[in-house]
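**Q** Dropping in entry_33.txt, which is compact mmCIF, C-alpha atoms:
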```txt
# COMPACT_ATOMS: atom_id res chain seq x y z
CA MET A 221 -28.95 0.50 5.68
CA ASP A 222 -29.53 1.73 2.14
CA PRO A 223 -28.43 -0.57 -0.71
CA GLN A 224 -25.71 1.77 -1.93
CA HIS A 225 -24.07 1.83 1.47
CA LEU A 226 -24.42 -1.94 1.71
CA ASN A 227 -22.53 -2.20 -1.59
CA LEU A 228 -19.66 -0.25 -0.05
CA ILE A 229 -19.55 -2.69 2.88
CA TYR A 230 -19.39 -5.60 0.40
CA LEU A 231 -16.67 -3.78 -1.50
CA ILE A 232 -14.58 -3.38 1.66
CA ILE A 233 -15.06 -7.06 2.54
CA ALA A 234 -14.03 -8.08 -1.00
CA ALA A 235 -10.93 -5.87 -0.71
CA ALA A 236 -10.10 -7.47 2.64
CA VAL A 237 -10.43 -10.97 1.17
CA ALA A 238 -8.31 -10.00 -1.86
CA THR A 239 -5.63 -8.66 0.48
CA PHE A 240 -5.69 -11.78 2.62
CA VAL A 241 -5.34 -13.93 -0.51
CA THR A 242 -2.12 -12.07 -1.40
CA ARG A 243 -0.82 -12.56 2.14
CA ILE A 244 -1.41 -16.30 2.26
CA GLY A 245 -0.88 -16.90 -1.48
CA GLY A 246 2.89 -17.08 -1.45
CA TYR A 247 2.88 -19.64 1.34
CA VAL A 248 0.42 -21.81 -0.57
CA LEU A 249 2.27 -21.39 -3.88
CA ILE A 250 5.73 -22.13 -2.54
CA THR A 251 4.57 -25.54 -1.39
CA GLN A 252 3.11 -26.24 -4.87
CA MET A 253 5.31 -24.58 -7.49
CA LYS A 254 9.05 -25.00 -7.86
CA GLN A 255 9.83 -22.11 -10.21
CA ILE A 256 8.03 -19.14 -11.74
CA PRO A 257 8.64 -18.54 -15.50
CA PRO A 258 10.94 -15.48 -15.88
CA ARG A 259 8.54 -13.47 -18.06
CA LEU A 260 5.68 -14.04 -15.63
CA GLU A 261 7.95 -13.00 -12.79
CA ALA A 262 8.97 -9.83 -14.68
CA ALA A 263 5.31 -9.03 -15.34
CA LEU A 264 4.35 -9.58 -11.69
CA ASN A 265 7.29 -7.47 -10.57
CA ALA A 266 6.03 -4.60 -12.71
CA VAL A 267 2.48 -4.66 -11.34
CA PRO A 268 2.72 -2.26 -8.36
CA ALA A 269 4.69 0.48 -10.13
CA ALA A 270 2.46 0.23 -13.22
CA VAL A 271 -0.78 0.44 -11.21
CA LEU A 272 0.37 3.29 -8.98
CA THR A 273 1.70 5.30 -11.92
CA THR A 274 -1.82 5.41 -13.38
CA LEU A 275 -2.94 7.24 -10.22
CA VAL A 276 -0.11 9.77 -10.47
CA ALA A 277 0.26 10.74 -14.14
CA PRO A 278 -3.36 11.83 -14.85
CA ALA A 279 -3.45 13.88 -11.61
CA PHE A 280 -0.28 15.63 -12.74
CA VAL A 281 -1.65 16.35 -16.23
CA TYR A 282 -5.28 17.17 -15.40
CA GLY A 283 -5.10 18.23 -11.74
CA GLY A 284 -4.44 21.90 -12.43
CA PHE A 285 -1.40 24.16 -12.27
CA ASP A 286 -1.07 24.27 -8.46
CA VAL A 287 -1.28 20.48 -8.10
CA ALA A 288 1.24 19.89 -10.89
CA VAL A 289 3.73 22.36 -9.41
CA SER A 290 3.46 20.96 -5.88
CA MET A 291 3.82 17.39 -7.17
CA PHE A 292 6.90 18.33 -9.17
CA VAL A 293 8.58 20.24 -6.34
CA ALA A 294 7.89 17.43 -3.85
CA PHE A 295 9.22 14.88 -6.34
CA ALA A 296 12.40 16.82 -7.15
CA ILE A 297 13.31 17.54 -3.53
CA ALA A 298 12.46 14.04 -2.31
CA LEU A 299 14.52 12.48 -5.09
CA GLY A 300 17.45 14.85 -4.60
CA LEU A 301 17.63 14.47 -0.82
CA ASN A 302 16.32 10.88 -0.70
CA LEU A 303 13.48 11.88 1.63
CA SER A 304 10.77 9.64 3.09
CA THR A 305 7.23 9.69 1.71
CA LEU A 306 6.03 11.55 4.80
CA ARG A 307 8.47 14.44 4.26
CA MET A 308 7.58 14.48 0.61
CA LEU A 309 3.92 14.88 1.55
CA VAL A 310 4.72 17.79 3.85
CA ILE A 311 6.69 19.56 1.09
CA GLY A 312 3.92 19.10 -1.48
CA TRP A 313 1.31 20.29 0.98
CA VAL A 314 3.31 23.42 1.90
CA VAL A 315 3.82 24.28 -1.78
CA VAL A 316 0.14 23.88 -2.68
CA MET A 317 -0.96 25.93 0.32
CA LEU A 318 1.47 28.72 -0.58
CA LEU A 319 0.25 28.73 -4.17
CA ARG A 320 -3.43 28.74 -3.20
CA HIS A 321 -3.40 31.23 -0.37
CA LEU A 322 -0.49 33.57 -1.11
CA VAL A 323 0.41 33.49 -4.79
CA LEU A 324 -2.67 32.77 -6.90
CA MET B 2 9.47 -16.86 28.61
CA ARG B 3 6.62 -16.61 26.11
CA LYS B 4 5.48 -13.36 27.71
CA ASP B 5 8.97 -11.95 27.32
CA GLU B 6 8.88 -12.77 23.62
CA PHE B 7 5.55 -11.00 23.24
CA TRP B 8 6.91 -7.84 24.84
CA GLU B 9 10.09 -8.06 22.80
CA GLY B 10 7.87 -8.00 19.70
CA VAL B 11 5.91 -5.04 21.07
CA ARG B 12 9.12 -3.09 21.62
CA GLY B 13 10.33 -3.92 18.12
CA GLY B 14 7.09 -2.83 16.47
CA PHE B 15 6.71 0.38 18.47
CA PRO B 16 8.83 2.69 16.24
CA ILE B 17 7.11 1.27 13.14
CA MET B 18 3.76 2.09 14.72
CA LEU B 19 4.86 5.69 15.29
CA ALA B 20 6.05 6.01 11.69
CA ALA B 21 2.79 4.59 10.32
CA SER B 22 0.51 6.74 12.51
CA PRO B 23 0.35 9.83 10.26
CA PHE B 24 -0.61 7.58 7.35
CA GLY B 25 -3.44 6.04 9.36
CA ALA B 26 -4.78 9.48 10.21
CA LEU B 27 -4.32 10.63 6.62
CA PHE B 28 -6.24 7.62 5.36
CA GLY B 29 -9.07 8.36 7.80
CA ALA B 30 -9.39 11.98 6.72
CA LEU B 31 -9.21 11.20 2.99
CA ALA B 32 -11.64 8.28 3.20
CA VAL B 33 -14.31 10.52 4.75
CA ASP B 34 -13.52 13.08 2.06
CA ASN B 35 -14.15 10.37 -0.57
CA GLY B 36 -17.62 9.51 0.71
CA PHE B 37 -16.95 6.96 3.46
CA THR B 38 -18.67 7.22 6.84
CA ILE B 39 -16.48 7.08 9.95
CA ALA B 40 -17.64 3.50 10.56
CA ASP B 41 -16.80 2.43 6.96
CA THR B 42 -13.37 3.97 7.32
CA VAL B 43 -12.55 2.18 10.58
CA PHE B 44 -14.01 -1.06 9.18
CA MET B 45 -11.70 -0.86 6.16
CA SER B 46 -8.59 -0.26 8.27
CA ALA B 47 -9.51 -3.14 10.56
CA THR B 48 -10.23 -5.67 7.79
CA VAL B 49 -7.98 -4.77 4.85
CA TYR B 50 -5.07 -3.46 6.96
CA ALA B 51 -2.81 -2.47 4.05
CA GLY B 52 -2.22 1.28 3.92
CA ALA B 53 -1.27 1.87 0.31
CA SER B 54 -4.05 -0.30 -1.09
CA GLN B 55 -6.59 1.36 1.23
CA MET B 56 -5.60 4.72 -0.26
CA VAL B 57 -5.98 3.28 -3.77
CA GLY B 58 -9.38 1.87 -2.79
CA ILE B 59 -10.82 5.16 -1.53
CA GLU B 60 -9.38 7.12 -4.46
CA LEU B 61 -11.04 4.81 -6.99
CA PHE B 62 -14.26 4.57 -4.98
CA GLY B 63 -14.41 8.38 -4.82
CA ASN B 64 -14.09 8.46 -8.63
CA HIS B 65 -17.00 5.98 -9.00
CA VAL B 66 -14.86 3.26 -10.51
CA GLN B 67 -16.66 -0.10 -10.93
CA PRO B 68 -16.38 -2.26 -7.78
CA TRP B 69 -14.59 -5.16 -9.48
CA LEU B 70 -11.91 -2.80 -10.70
CA VAL B 71 -11.47 -1.36 -7.21
CA VAL B 72 -10.97 -4.85 -5.77
CA LEU B 73 -8.62 -5.81 -8.60
CA SER B 74 -6.53 -2.68 -8.01
CA VAL B 75 -6.34 -3.42 -4.27
CA PHE B 76 -5.23 -6.92 -5.16
CA ALA B 77 -2.62 -5.61 -7.60
CA VAL B 78 -1.16 -3.13 -5.12
CA ASN B 79 -0.98 -5.82 -2.47
CA PHE B 80 0.50 -8.39 -4.80
CA ARG B 81 3.94 -8.02 -3.22
CA HIS B 82 2.60 -9.86 -0.16
CA VAL B 83 2.62 -13.08 -2.19
CA LEU B 84 6.40 -12.79 -2.26
CA TYR B 85 6.49 -12.05 1.48
CA SER B 86 4.48 -15.07 2.54
CA ALA B 87 6.50 -17.30 0.21
CA SER B 88 9.70 -15.93 1.66
CA ILE B 89 8.85 -16.29 5.36
CA ALA B 90 7.25 -19.72 4.91
CA LYS B 91 10.40 -21.43 6.15
CA TYR B 92 10.39 -19.49 9.44
CA ILE B 93 6.74 -19.95 10.41
CA ARG B 94 6.18 -23.54 9.36
CA HIS B 95 5.90 -24.54 13.03
CA PHE B 96 2.90 -22.23 13.71
CA THR B 97 -0.47 -23.94 14.18
CA PRO B 98 -3.07 -23.33 11.41
CA ILE B 99 -4.85 -20.70 13.54
CA GLN B 100 -1.56 -18.99 14.32
CA LYS B 101 -0.76 -18.98 10.60
CA PHE B 102 -4.13 -17.36 9.90
CA PHE B 103 -3.33 -14.47 12.23
CA ALA B 104 0.26 -14.31 11.03
CA PHE B 105 -0.79 -13.86 7.40
CA PHE B 106 -3.50 -11.38 8.29
CA LEU B 107 -0.90 -9.19 10.04
CA LEU B 108 1.75 -9.55 7.31
CA VAL B 109 2.41 -5.88 6.47
CA ASP B 110 5.72 -4.72 4.94
CA PRO B 111 7.63 -4.05 8.21
CA GLN B 112 6.32 -7.30 9.71
CA TYR B 113 7.77 -9.14 6.74
CA ALA B 114 11.07 -7.28 6.87
CA GLU B 115 11.53 -7.89 10.59
CA THR B 116 10.54 -11.57 10.40
CA GLU B 117 12.97 -12.13 7.56
CA LYS B 118 15.75 -10.33 9.42
CA ARG B 119 15.11 -12.29 12.59
CA GLY B 120 14.97 -15.61 10.78
CA GLU B 121 18.12 -14.92 8.83
CA ARG B 122 20.04 -14.09 12.02
CA GLY B 123 19.03 -17.46 13.40
CA LEU B 124 16.81 -15.98 16.13
CA PRO B 125 13.63 -17.94 16.83
CA VAL B 126 10.51 -16.59 15.08
CA THR B 127 7.95 -17.49 17.74
CA PHE B 128 4.25 -16.76 17.60
CA PRO B 129 4.25 -14.54 20.74
CA TRP B 130 7.02 -12.40 19.25
CA TYR B 131 5.24 -12.19 15.89
CA LEU B 132 1.92 -11.31 17.53
CA GLY B 133 3.43 -8.65 19.79
CA PHE B 134 5.16 -7.01 16.83
CA GLY B 135 1.99 -7.17 14.73
CA LEU B 136 -0.57 -6.00 17.27
CA VAL B 137 1.37 -2.94 18.41
CA ILE B 138 1.10 -1.76 14.80
CA TYR B 139 -2.42 -3.04 14.09
CA PHE B 140 -4.47 -1.50 16.91
CA PRO B 141 -2.95 2.02 16.72
CA TRP B 142 -3.49 1.88 12.94
CA ILE B 143 -7.23 1.50 13.55
CA PHE B 144 -7.24 4.16 16.27
CA ASN B 145 -5.37 6.67 14.10
CA THR B 146 -7.79 5.97 11.27
CA LEU B 147 -10.64 6.86 13.63
CA LEU B 148 -8.94 10.10 14.70
CA GLY B 149 -8.31 11.06 11.08
CA ALA B 150 -11.88 10.25 10.07
CA ILE B 151 -13.33 12.39 12.87
CA PHE B 152 -11.02 15.22 11.83
CA GLY B 153 -11.94 14.73 8.16
CA GLN B 154 -15.61 15.08 8.92
CA MET B 155 -15.04 18.52 10.46
CA ILE B 156 -13.42 19.88 7.30
CA GLY B 157 -15.66 21.84 4.94
CA ASP B 158 -13.64 22.27 1.76
CA PRO B 159 -10.74 19.81 1.51
CA LYS B 160 -9.14 21.91 -1.25
CA ALA B 161 -8.82 24.97 0.99
CA ILE B 162 -6.54 23.08 3.36
CA GLY B 163 -4.68 21.28 0.58
CA LEU B 164 -5.97 17.75 1.24
CA ASP B 165 -6.58 16.97 -2.43
CA VAL B 166 -2.89 17.12 -3.32
CA LEU B 167 -1.87 14.52 -0.74
CA LEU B 168 -3.06 11.35 -2.49
CA PRO B 169 -1.26 11.90 -5.81
CA ILE B 170 1.94 12.81 -3.95
CA TYR B 171 1.55 9.80 -1.68
CA PHE B 172 1.21 7.52 -4.73
CA LEU B 173 4.15 9.27 -6.37
CA GLY B 174 6.23 8.49 -3.28
CA LEU B 175 5.19 4.84 -3.48
CA VAL B 176 6.13 4.67 -7.17
CA MET B 177 9.55 6.13 -6.34
CA GLY B 178 9.99 3.39 -3.74
CA PHE B 179 10.13 0.85 -6.59
CA ARG B 180 12.85 2.66 -8.52
CA LYS B 181 15.51 0.01 -7.84
CA ARG B 182 13.50 -2.65 -9.62
CA ASP B 183 14.33 -3.94 -13.10
CA ARG B 184 13.08 -1.79 -15.99
CA PHE B 185 11.57 0.75 -13.63
CA LEU B 186 11.83 3.76 -15.96
CA PRO B 187 10.40 2.23 -19.14
CA ILE B 188 7.52 0.65 -17.19
CA VAL B 189 6.62 3.89 -15.44
CA ALA B 190 6.97 5.92 -18.65
CA VAL B 191 4.71 3.58 -20.61
CA SER B 192 2.13 3.38 -17.81
CA ALA B 193 2.14 7.16 -17.43
CA VAL B 194 1.60 7.83 -21.14
CA ALA B 195 -0.99 5.07 -21.49
CA SER B 196 -2.97 6.22 -18.44
CA VAL B 197 -3.05 9.84 -19.59
CA ALA B 198 -4.07 8.72 -23.09
CA GLY B 199 -6.70 6.43 -21.52
CA MET B 200 -8.04 9.32 -19.47
CA HIS B 201 -8.16 11.54 -22.55
CA PHE B 202 -9.64 9.15 -25.11
CA VAL B 203 -11.63 6.65 -23.03
CA GLY B 204 -12.16 8.40 -19.70
CA SER B 205 -11.98 7.55 -16.02
CA PRO B 206 -11.84 4.88 -14.60
CA TRP B 207 -10.50 2.98 -17.60
CA HIS B 208 -7.22 4.87 -17.48
CA VAL B 209 -6.21 2.73 -14.50
CA SER B 210 -6.54 -0.64 -16.27
CA ILE B 211 -5.21 0.69 -19.58
CA GLY B 212 -2.13 2.28 -18.00
CA ALA B 213 -1.38 -0.67 -15.71
CA LEU B 214 -1.81 -3.22 -18.49
CA ALA B 215 0.54 -1.29 -20.78
CA GLY B 216 3.33 -1.27 -18.17
CA VAL B 217 2.88 -4.93 -17.23
CA LEU B 218 2.80 -6.06 -20.88
CA LEU B 219 5.98 -4.12 -21.56
CA ALA B 220 7.70 -5.84 -18.63
CA ALA B 221 6.62 -9.25 -19.92
CA CYS B 222 7.68 -8.54 -23.52
CA LEU B 223 11.12 -7.05 -22.90
CA PRO B 224 13.96 -9.60 -22.99
CA PRO B 225 14.62 -11.00 -19.49
CA VAL B 226 17.20 -9.12 -17.43
CA GLU B 227 20.46 -11.07 -17.26
CA THR B 228 22.06 -9.68 -14.14
CA VAL B 229 20.00 -11.22 -11.38
CA ALA B 230 21.85 -9.78 -8.42
CA ALA B 231 18.78 -8.29 -6.74
CA PRO B 232 17.29 -10.02 -3.71
CA PRO B 233 14.08 -11.97 -4.42
CA VAL B 234 11.94 -9.37 -2.68
CA ALA B 235 12.27 -5.62 -2.65
CA ILE B 236 11.13 -4.18 0.65
CA GLU B 237 8.90 -1.23 0.06
CA LYS B 238 8.57 1.35 2.74
CA GLU B 239 4.97 1.87 3.69
CA ALA B 240 2.85 -0.08 6.11
```
Rewrite the structure of this file - the entire thing - as structure tokens.

**A**
Amino acid sequence: MDPQHLNLIYLIIAAAVATFVTRIGGYVLITQMKQIPPRLEAALNAVPAAVLTTLVAPAFVYGGFDVAVSMFVAFAIALGLNLSTLRMLVIGWVVVMLLRHLVL
Amino acid sequence: MRKDEFWEGVRGGFPIMLAASPFGALFGALAVDNGFTIADTVFMSATVYAGASQMVGIELFGNHVQPWLVVLSVFAVNFRHVLYSASIAKYIRHFTPIQKFFAFFLLVDPQYAETEKRGERGLPVTFPWYLGFGLVIYFPWIFNTLLGAIFGQMIGDPKAIGLDVLLPIYFLGLVMGFRKRDRFLPIVAVSAVASVAGMHFVGSPWHVSIGALAGVLLAACLPPVETVAAPPVAIEKEA
């Protein structure tokens, strides 16, 4: 196995360990700590939305016209009709395919 | 008796497995598109077993982000599990250490939600039930990943069939899943602006850390929210 591929295997193992730590962490913590400081709790609460937003906003701005339009349409319809992520994906995919193969 | 509990868990997890299947296949196809082999892809689903963070991992890996940052992002996306394991601690205290090991490994969002629901209703949370519920989601997740990866390898240009648009929309859907949380809009707005600015002035992959840090710092600095009516854990949708 070439070293670059080996690095990917290590990366996956590290990701698996990190995930397992989050899954056992709360159990370990709850037996140690009585209360989490409110500001720390607010910061921790914000982590997932903050991280995921950084994967959305640049794609919207730099991804090109077709990507931006399909993201916006999927977002608007999913928000308006309270759709699941899966339906939202289907809508975005349909819009981008229409734009690429019929319109542009 | 114990066998019955196992099958009761299997029946409970079955619809969740069906709902998660497209995401497993999607992950497989996109991972191959981002430079993973089929074996890497299946290995990741089998060991990490956390859909959203797997998507984040392949996206960042495909953009040649430094490995430590990939692992940190996976950790950050999975951070909610800390709350889950803290919350179900009271129901699984009677598991043996080995049973706990498997229980925590299988602790995906629906597993948490169902365990919490069961415990709260006063129904026994037994290991056979927990395992049945978990495994009927776990093994198909790996199998669907394999199917998706095989499919992904047959595709020439992912853009022609619109694959490239799926990850940003998937992440957008996840972000929207958090919209009931405190200070959702200001956090997302600040992270969005900071990540775009980071992309523009510093470049990828730093936009991820810069944007995330900006949102988290804002949440820590704003005065604490007074009305604490929300439940301790928000249940997000994806497996």

**Q** For chain A, list the residues within 6 Å of chain B, counting all atoms listed in the file, and write the list as a list of chain:residue names.

**A**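 The answer, sorted by residue number, is A:Ile232, A:Ala235, A:Ala236, A:Ala238, A:Thr239, A:Thr242, A:Arg243, A:Ile244, A:Gly245, A:Gly246, A:Tyr247, A:Ile250, A:Arg259, A:Ala262, A:Ala263, A:Ala266, A:Val267, A:Pro268, A:Ala269, A:Ala270, A:Val271, A:Thr273, A:Thr274, A:Val276, A:Ala277, A:Pro278, A:Met291, A:Thr305, A:Met317.
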
**Q** To one decimal place, how far is atom CA of Pro223 of chain A from atom CA of Gln67 of chain B in Å?

**A**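 So the two atoms, atom CA of Pro223 of chain A and atom CA of Gln67 of chain B, lie 15.6 Å apart.
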
**Q** Atom CA of Leu309 of chain A to atom CA of Val66 of chain B: how many Å, to one decimal?

**A**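 Separating atom CA of Leu309 of chain A from atom CA of Val66 of chain B is a distance of 25.2 Å.
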
**Q** What does the structure give for the distance between atom CA of Val126 of chain B and atom CA of Gly10 of chain B, in Å to one decimal?

**A**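 Result for atom CA of Val126 of chain B versus atom CA of Gly10 of chain B: 10.1 Å, one decimal.
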
**Q** Residues within 10 Å of segment 95-100 of chain B, please, as a list in words. Count all atoms listed in the file; anything in the same chain fewer than 6 positions from it doesn't count.

**A**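 The filter keeps Phe106, Val126, Thr127, Phe128, Pro129, Tyr131 and Leu132 of chain B.
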